[in-house]
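Structure file query.tsv (TSV, C-alpha atoms) follows.
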chain	number	residue	atom	x	y	z
A	1	MET	CA	-6.77	-38.73	42.49
A	2	ASP	CA	-7.40	-36.17	39.74
A	3	ALA	CA	-9.00	-33.37	41.75
A	4	GLU	CA	-9.52	-31.14	38.71
A	5	PHE	CA	-11.42	-33.92	36.92
A	6	TRP	CA	-13.96	-34.28	39.76
A	7	LEU	CA	-14.31	-30.55	40.40
A	8	ALA	CA	-14.98	-29.97	36.71
A	9	LYS	CA	-17.66	-32.68	36.77
A	10	TRP	CA	-19.49	-30.88	39.57
A	11	ASP	CA	-18.99	-27.45	38.03
A	12	ARG	CA	-20.55	-28.68	34.77
A	13	ASN	CA	-23.22	-30.66	36.65
A	14	GLU	CA	-22.01	-33.83	34.91
A	15	ILE	CA	-23.07	-36.05	37.79
A	16	GLY	CA	-24.56	-39.09	36.13
A	17	PHE	CA	-22.76	-41.08	38.83
A	18	HIS	CA	-25.10	-39.52	41.42
A	19	ALA	CA	-27.77	-42.15	42.14
A	20	GLN	CA	-31.37	-41.03	42.57
A	21	HIS	CA	-32.02	-43.31	45.54
A	22	PRO	CA	-30.05	-44.84	48.43
A	23	HIS	CA	-27.96	-47.80	47.37
A	24	ASP	CA	-29.93	-51.06	47.60
A	25	GLY	CA	-26.95	-52.81	49.18
A	26	LEU	CA	-26.75	-50.18	51.92
A	27	VAL	CA	-30.44	-50.54	52.72
A	28	GLN	CA	-30.39	-54.32	52.66
A	29	TYR	CA	-27.07	-55.19	54.27
A	30	PHE	CA	-25.71	-52.31	56.37
A	31	SER	CA	-27.10	-54.00	59.48
A	32	THR	CA	-24.24	-56.54	59.12
A	33	VAL	CA	-21.90	-53.80	60.36
A	34	CYS	CA	-23.61	-54.11	63.76
A	35	ALA	CA	-23.32	-50.37	64.37
A	36	PRO	CA	-26.36	-49.14	66.34
A	37	PRO	CA	-28.01	-45.77	65.62
A	38	GLY	CA	-25.90	-43.01	67.08
A	39	SER	CA	-22.69	-44.62	65.82
A	40	HIS	CA	-20.29	-42.43	63.87
A	41	VAL	CA	-20.14	-43.43	60.20
A	42	PHE	CA	-17.47	-42.00	57.90
A	43	VAL	CA	-18.27	-41.70	54.17
A	44	PRO	CA	-15.18	-40.92	52.07
A	45	LEU	CA	-15.52	-39.06	48.75
A	46	CYS	CA	-19.20	-38.65	49.48
A	47	GLY	CA	-20.50	-36.14	46.94
A	48	LYS	CA	-24.12	-35.42	47.83
A	49	THR	CA	-25.11	-39.08	47.92
A	50	LEU	CA	-28.60	-39.99	49.06
A	51	ASP	CA	-26.92	-42.72	51.07
A	52	ILE	CA	-26.11	-39.97	53.57
A	53	HIS	CA	-29.80	-39.05	53.72
A	54	TRP	CA	-30.56	-42.68	54.58
A	55	LEU	CA	-27.86	-42.91	57.25
A	56	VAL	CA	-28.95	-39.63	58.88
A	57	LYS	CA	-32.59	-40.68	58.90
A	58	LYS	CA	-31.60	-43.97	60.53
A	59	GLY	CA	-30.07	-42.01	63.40
A	60	TYR	CA	-26.37	-42.29	62.58
A	61	THR	CA	-23.91	-39.48	63.13
A	62	VAL	CA	-22.26	-39.03	59.74
A	63	SER	CA	-19.00	-37.47	58.63
A	64	GLY	CA	-17.89	-37.27	55.03
A	65	VAL	CA	-15.20	-35.72	52.91
A	66	GLU	CA	-15.74	-34.22	49.46
A	67	LEU	CA	-13.60	-32.10	47.14
A	68	SER	CA	-16.46	-30.06	45.71
A	69	ARG	CA	-17.92	-27.35	47.91
A	70	ARG	CA	-20.84	-27.16	45.47
A	71	ALA	CA	-21.71	-30.80	46.17
A	72	VAL	CA	-21.60	-30.19	49.92
A	73	GLU	CA	-23.78	-27.09	49.68
A	74	GLN	CA	-26.32	-29.04	47.65
A	75	LEU	CA	-26.27	-31.92	50.15
A	76	PHE	CA	-27.14	-29.63	53.07
A	77	ASP	CA	-29.76	-27.80	51.00
A	78	GLU	CA	-31.46	-31.06	50.03
A	79	LEU	CA	-31.45	-32.22	53.65
A	80	GLU	CA	-32.79	-28.81	54.70
A	81	ILE	CA	-29.99	-28.43	57.23
A	82	GLN	CA	-28.49	-24.98	57.82
A	83	PRO	CA	-24.79	-25.70	58.35
A	84	VAL	CA	-22.26	-23.96	60.52
A	85	ILE	CA	-19.22	-23.44	58.29
A	86	SER	CA	-15.68	-23.10	59.62
A	87	SER	CA	-12.13	-23.36	58.34
A	88	LEU	CA	-9.89	-25.84	60.13
A	89	THR	CA	-6.85	-25.14	57.94
A	90	THR	CA	-6.22	-23.35	54.65
A	91	ASP	CA	-7.04	-26.67	52.93
A	92	VAL	CA	-9.93	-27.96	55.06
A	93	THR	CA	-13.36	-26.37	55.54
A	94	VAL	CA	-16.08	-28.14	57.51
A	95	PHE	CA	-19.87	-27.92	57.23
A	96	GLU	CA	-21.73	-29.10	60.35
A	97	GLY	CA	-25.33	-29.42	61.48
A	98	ASP	CA	-27.86	-31.90	62.92
A	99	GLY	CA	-25.51	-34.85	63.26
A	100	LEU	CA	-23.88	-34.32	59.87
A	101	ARG	CA	-20.34	-33.07	59.29
A	102	ILE	CA	-18.75	-32.81	55.85
A	103	PHE	CA	-15.16	-31.75	55.24
A	104	VAL	CA	-14.57	-29.86	52.01
A	105	ALA	CA	-11.07	-31.08	51.31
A	106	ASP	CA	-8.82	-33.58	49.63
A	107	ILE	CA	-9.10	-36.66	51.84
A	108	PHE	CA	-5.30	-36.71	52.15
A	109	ALA	CA	-5.54	-33.38	54.03
A	110	LEU	CA	-7.60	-34.95	56.84
A	111	THR	CA	-6.11	-36.16	60.12
A	112	PRO	CA	-7.46	-38.59	62.74
A	113	SER	CA	-7.80	-35.71	65.21
A	114	MET	CA	-10.07	-33.82	62.78
A	115	LEU	CA	-12.24	-36.85	62.20
A	116	GLY	CA	-12.40	-38.19	65.75
A	117	GLN	CA	-13.44	-41.71	66.68
A	118	VAL	CA	-15.06	-43.59	63.81
A	119	ASP	CA	-17.34	-46.59	64.42
A	120	ALA	CA	-17.80	-47.64	60.80
A	121	VAL	CA	-16.73	-46.66	57.29
A	122	TYR	CA	-19.15	-46.75	54.36
A	123	ASP	CA	-17.12	-46.81	51.14
A	124	ARG	CA	-19.32	-47.04	48.06
A	125	ALA	CA	-17.72	-44.41	45.86
A	126	ALA	CA	-14.13	-43.87	47.00
A	127	LEU	CA	-12.04	-46.96	46.29
A	128	VAL	CA	-13.72	-47.46	42.89
A	129	ALA	CA	-13.12	-43.80	41.99
A	130	LEU	CA	-9.36	-44.15	42.27
A	131	PRO	CA	-6.99	-45.57	39.64
A	132	ALA	CA	-4.86	-48.50	40.69
A	133	ALA	CA	-1.80	-46.31	41.24
A	134	SER	CA	-3.59	-44.36	44.00
A	135	ARG	CA	-5.56	-47.08	45.75
A	136	ALA	CA	-2.89	-48.54	48.06
A	137	GLU	CA	-2.07	-45.08	49.44
A	138	TYR	CA	-5.76	-44.35	49.93
A	139	ALA	CA	-6.36	-47.68	51.69
A	140	GLN	CA	-3.50	-47.02	54.10
A	141	LEU	CA	-4.82	-43.51	54.76
A	142	LEU	CA	-8.32	-44.81	55.44
A	143	VAL	CA	-7.05	-47.41	57.89
A	144	GLY	CA	-5.22	-44.68	59.78
A	145	LEU	CA	-8.01	-42.09	59.66
A	146	SER	CA	-10.61	-44.54	60.94
A	147	GLN	CA	-8.25	-46.34	63.33
A	148	CYS	CA	-9.17	-49.57	61.53
A	149	ALA	CA	-12.92	-49.18	62.02
A	150	THR	CA	-15.21	-51.76	60.44
A	151	GLN	CA	-15.77	-51.11	56.74
A	152	PHE	CA	-18.82	-51.68	54.57
A	153	LEU	CA	-17.23	-51.64	51.12
A	154	ILE	CA	-18.94	-51.81	47.72
A	155	CYS	CA	-16.81	-52.52	44.64
A	156	VAL	CA	-17.47	-53.08	40.96
A	157	GLU	CA	-15.89	-55.92	39.01
A	158	TYR	CA	-15.53	-55.97	35.22
A	159	ASP	CA	-12.96	-56.34	32.45
A	160	GLN	CA	-10.94	-53.15	32.80
A	161	THR	CA	-9.40	-53.67	29.36
A	162	LYS	CA	-12.82	-53.06	27.78
A	163	LEU	CA	-13.68	-49.82	29.54
A	164	SER	CA	-11.78	-47.06	31.28
A	165	GLY	CA	-12.98	-45.90	34.68
A	166	PRO	CA	-14.16	-44.40	36.85
A	167	PRO	CA	-15.68	-46.42	38.30
A	168	PHE	CA	-12.60	-48.61	38.20
A	169	ALA	CA	-12.72	-52.36	38.55
A	170	VAL	CA	-11.71	-53.53	42.03
A	171	MET	CA	-11.46	-57.30	42.14
A	172	GLU	CA	-11.39	-59.67	45.11
A	173	SER	CA	-7.60	-59.94	44.85
A	174	ASP	CA	-7.35	-56.15	45.07
A	175	VAL	CA	-9.48	-55.98	48.24
A	176	GLU	CA	-7.31	-58.65	49.82
A	177	HIS	CA	-4.12	-56.87	48.75
A	178	TYR	CA	-5.18	-53.55	50.26
A	179	TYR	CA	-6.85	-54.75	53.44
A	180	ALA	CA	-5.99	-58.33	54.42
A	181	GLY	CA	-3.21	-57.11	56.73
A	182	TYR	CA	-5.76	-55.22	58.84
A	183	TYR	CA	-9.14	-56.89	58.43
A	184	SER	CA	-10.92	-60.17	58.17
A	185	ILE	CA	-12.71	-59.90	54.84
A	186	LYS	CA	-16.15	-61.35	54.23
A	187	SER	CA	-18.18	-61.33	51.02
A	188	ILE	CA	-21.74	-60.22	51.76
A	189	SER	CA	-23.28	-60.18	48.28
A	190	ARG	CA	-22.24	-60.22	44.62
A	191	TYR	CA	-24.71	-59.58	41.81
A	192	PRO	CA	-24.76	-58.47	38.15
A	193	VAL	CA	-25.03	-54.75	37.43
A	194	ALA	CA	-28.26	-54.10	35.55
A	195	ASN	CA	-27.41	-52.91	32.01
A	196	GLY	CA	-23.70	-53.32	32.75
A	197	ILE	CA	-21.04	-50.79	33.73
A	198	LYS	CA	-21.94	-47.43	32.14
A	199	GLY	CA	-24.32	-49.45	29.96
A	200	LYS	CA	-21.33	-50.78	28.01
A	201	VAL	CA	-19.74	-53.87	29.55
A	202	PRO	CA	-21.06	-56.59	31.85
A	203	GLY	CA	-20.02	-56.33	35.46
A	204	TYR	CA	-20.84	-57.08	39.07
A	205	GLU	CA	-21.23	-55.16	42.28
A	206	HIS	CA	-19.56	-56.88	45.21
A	207	ILE	CA	-20.32	-55.95	48.82
A	208	TRP	CA	-17.67	-56.66	51.42
A	209	LEU	CA	-17.66	-56.50	55.20
A	210	LEU	CA	-14.23	-55.75	56.65
A	211	LYS	CA	-13.85	-56.42	60.37
A	212	PRO	CA	-10.65	-55.48	62.23
A	213	SER	CA	-8.28	-58.40	62.67
A	214	GLU	CA	-6.80	-59.20	66.05
A	215	VAL	CA	-3.39	-59.59	64.44
A	216	ARG	CA	-2.39	-56.84	62.00
A	217	SER	CA	0.63	-56.65	59.76

Could I get this file's structure written as structure tokens?
Amino acid sequence: MDAEFWLAKWDRNEIGFHAQHPHDGLVQYFSTVCAPPGSHVFVPLCGKTLDIHWLVKKGYTVSGVELSRRAVEQLFDELEIQPVISSLTTDVTVFEGDGLRIFVADIFALTPSMLGQVDAVYDRAALVALPAASRAEYAQLLVGLSQCATQFLICVEYDQTKLSGPPFAVMESDVEHYYAGYYSIKSISRYPVANGIKGKVPGYEHIWLLKPSEVRS
């Protein structure tokens, strides 16, 4: 992952990727995860997404990880939560308050002991933010960090030859390649993206539910 690219985006406030409302798929389908309020939901590469607002208001305990301290500060400000801030290592700072905990760090600096038990993963912006060369390593990391917790995964599908990411195209074959050894994979919904990807090429959003398999490779 190009950390400097994302940090520069936040520093310049070039955050057109930041949606102005919780994701419709989250609101409509997150109940399929079967995680009751109070469950611990992990949101990788979270930015200041309003999806976190929705999860917190629904009573979930939420942890996230985000490279940009500015994004995390804005998230807590917008939620009107005064965080307690502490340094876990030279590379990991954590903001905590009112059932919300965000690590300011590269996700690869996190450990399972930092994160604790995870009941569900909500990945709307992480897998699609990574180029193909980085995705397999990220997927393996996420499996380990969450101890193979159920995933609610949202991907975009389009002709990658016609547009460079992010968001990058993540096709069904990719999801199976990264996760079939650990999860049973179920398609929840697939629908066209209004106005296309970045308003330039037609594409789809595809929502997946990944449940831990009894037999893992």

Could you check the closest approach to Ile102 of chain A for each of A:Phe76, A:Tyr138, A:Trp208, A:Tyr183 and tell me which residue wins, using all atoms listed in the file?
A:Phe76

Surrounding residues of Ser187 of chain A excluding itself and chain neighbours under 2 positions, 10 Å, all atoms listed in the file, as an MDAnalysis selection string:
chainID A and resid 153 172 185 189:190 206:210

Hey, can you spit out that residue selection with C-alpha atoms as a CSV table (one decimal), in the frame of the given file?
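And here's out-v4.csv as it stands now:
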chain,number,residue,atom,x,y,z
A,153,LEU,CA,-17.2,-51.6,51.1
A,172,GLU,CA,-11.4,-59.7,45.1
A,185,ILE,CA,-12.7,-59.9,54.8
A,189,SER,CA,-23.3,-60.2,48.3
A,190,ARG,CA,-22.2,-60.2,44.6
A,206,HIS,CA,-19.6,-56.9,45.2
A,207,ILE,CA,-20.3,-56.0,48.8
A,208,TRP,CA,-17.7,-56.7,51.4
A,209,LEU,CA,-17.7,-56.5,55.2
A,210,LEU,CA,-14.2,-55.8,56.6

What is the atom CA of Gly196 of chain A to atom CA of Leu26 of chain A distance in Å?
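Atom-to-atom, atom CA of Gly196 of chain A to atom CA of Leu26 of chain A, that is 19.7 Å.
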
Enumerate, as a PyMOL selection string, the protein, DNA and RNA residues whose atoms approach (-22.8, -47.2, 55.4) to within 7 Å, taking into account all atoms listed in the file and the coordinate frame of the file.
chain A and resi 26+30+41+55+121-122+152

Would you mind exporting C-alpha atoms of the selected residues as a PDB file, in the frame of the given file?
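File written: result-v6.pdb
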ATOM      1  CA  LEU A  26     -26.750 -50.180  51.920  1.00  0.00           C
ATOM      2  CA  PHE A  30     -25.710 -52.310  56.370  1.00  0.00           C
ATOM      3  CA  VAL A  41     -20.140 -43.430  60.200  1.00  0.00           C
ATOM      4  CA  LEU A  55     -27.860 -42.910  57.250  1.00  0.00           C
ATOM      5  CA  VAL A 121     -16.730 -46.660  57.290  1.00  0.00           C
ATOM      6  CA  TYR A 122     -19.150 -46.750  54.360  1.00  0.00           C
ATOM      7  CA  PHE A 152     -18.820 -51.680  54.570  1.00  0.00           C
TER       8      PHE A 152
END

Quick one: of A:Phe103, A:Tyr179, A:Phe168, A:Tyr29, who's nearest to Tyr204 of chain A, counting all atoms listed in the file?
A:Phe168

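Using all atoms listed in the file, the protein and nucleic acid residues lying no more than 7 Å from segment 123-128 of chain A, apart from those fewer than 4 places from it along its own chain, are Val43, Pro44, Leu45, Cys46, Arg135, Phe152, Leu153, Ile154, Cys155, Pro166, Pro167, Phe168, Ala169 and Val170 of chain A.
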
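The spacing separating atom CA of Val56 of chain A from atom CA of Ala129 of chain A amounts to 23.5 Å.
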
Find the distance between atom CA of Gln151 of chain A and atom CA of Val33 of chain A and write it in Å to one decimal.
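These atoms are spaced 7.6 Å apart.
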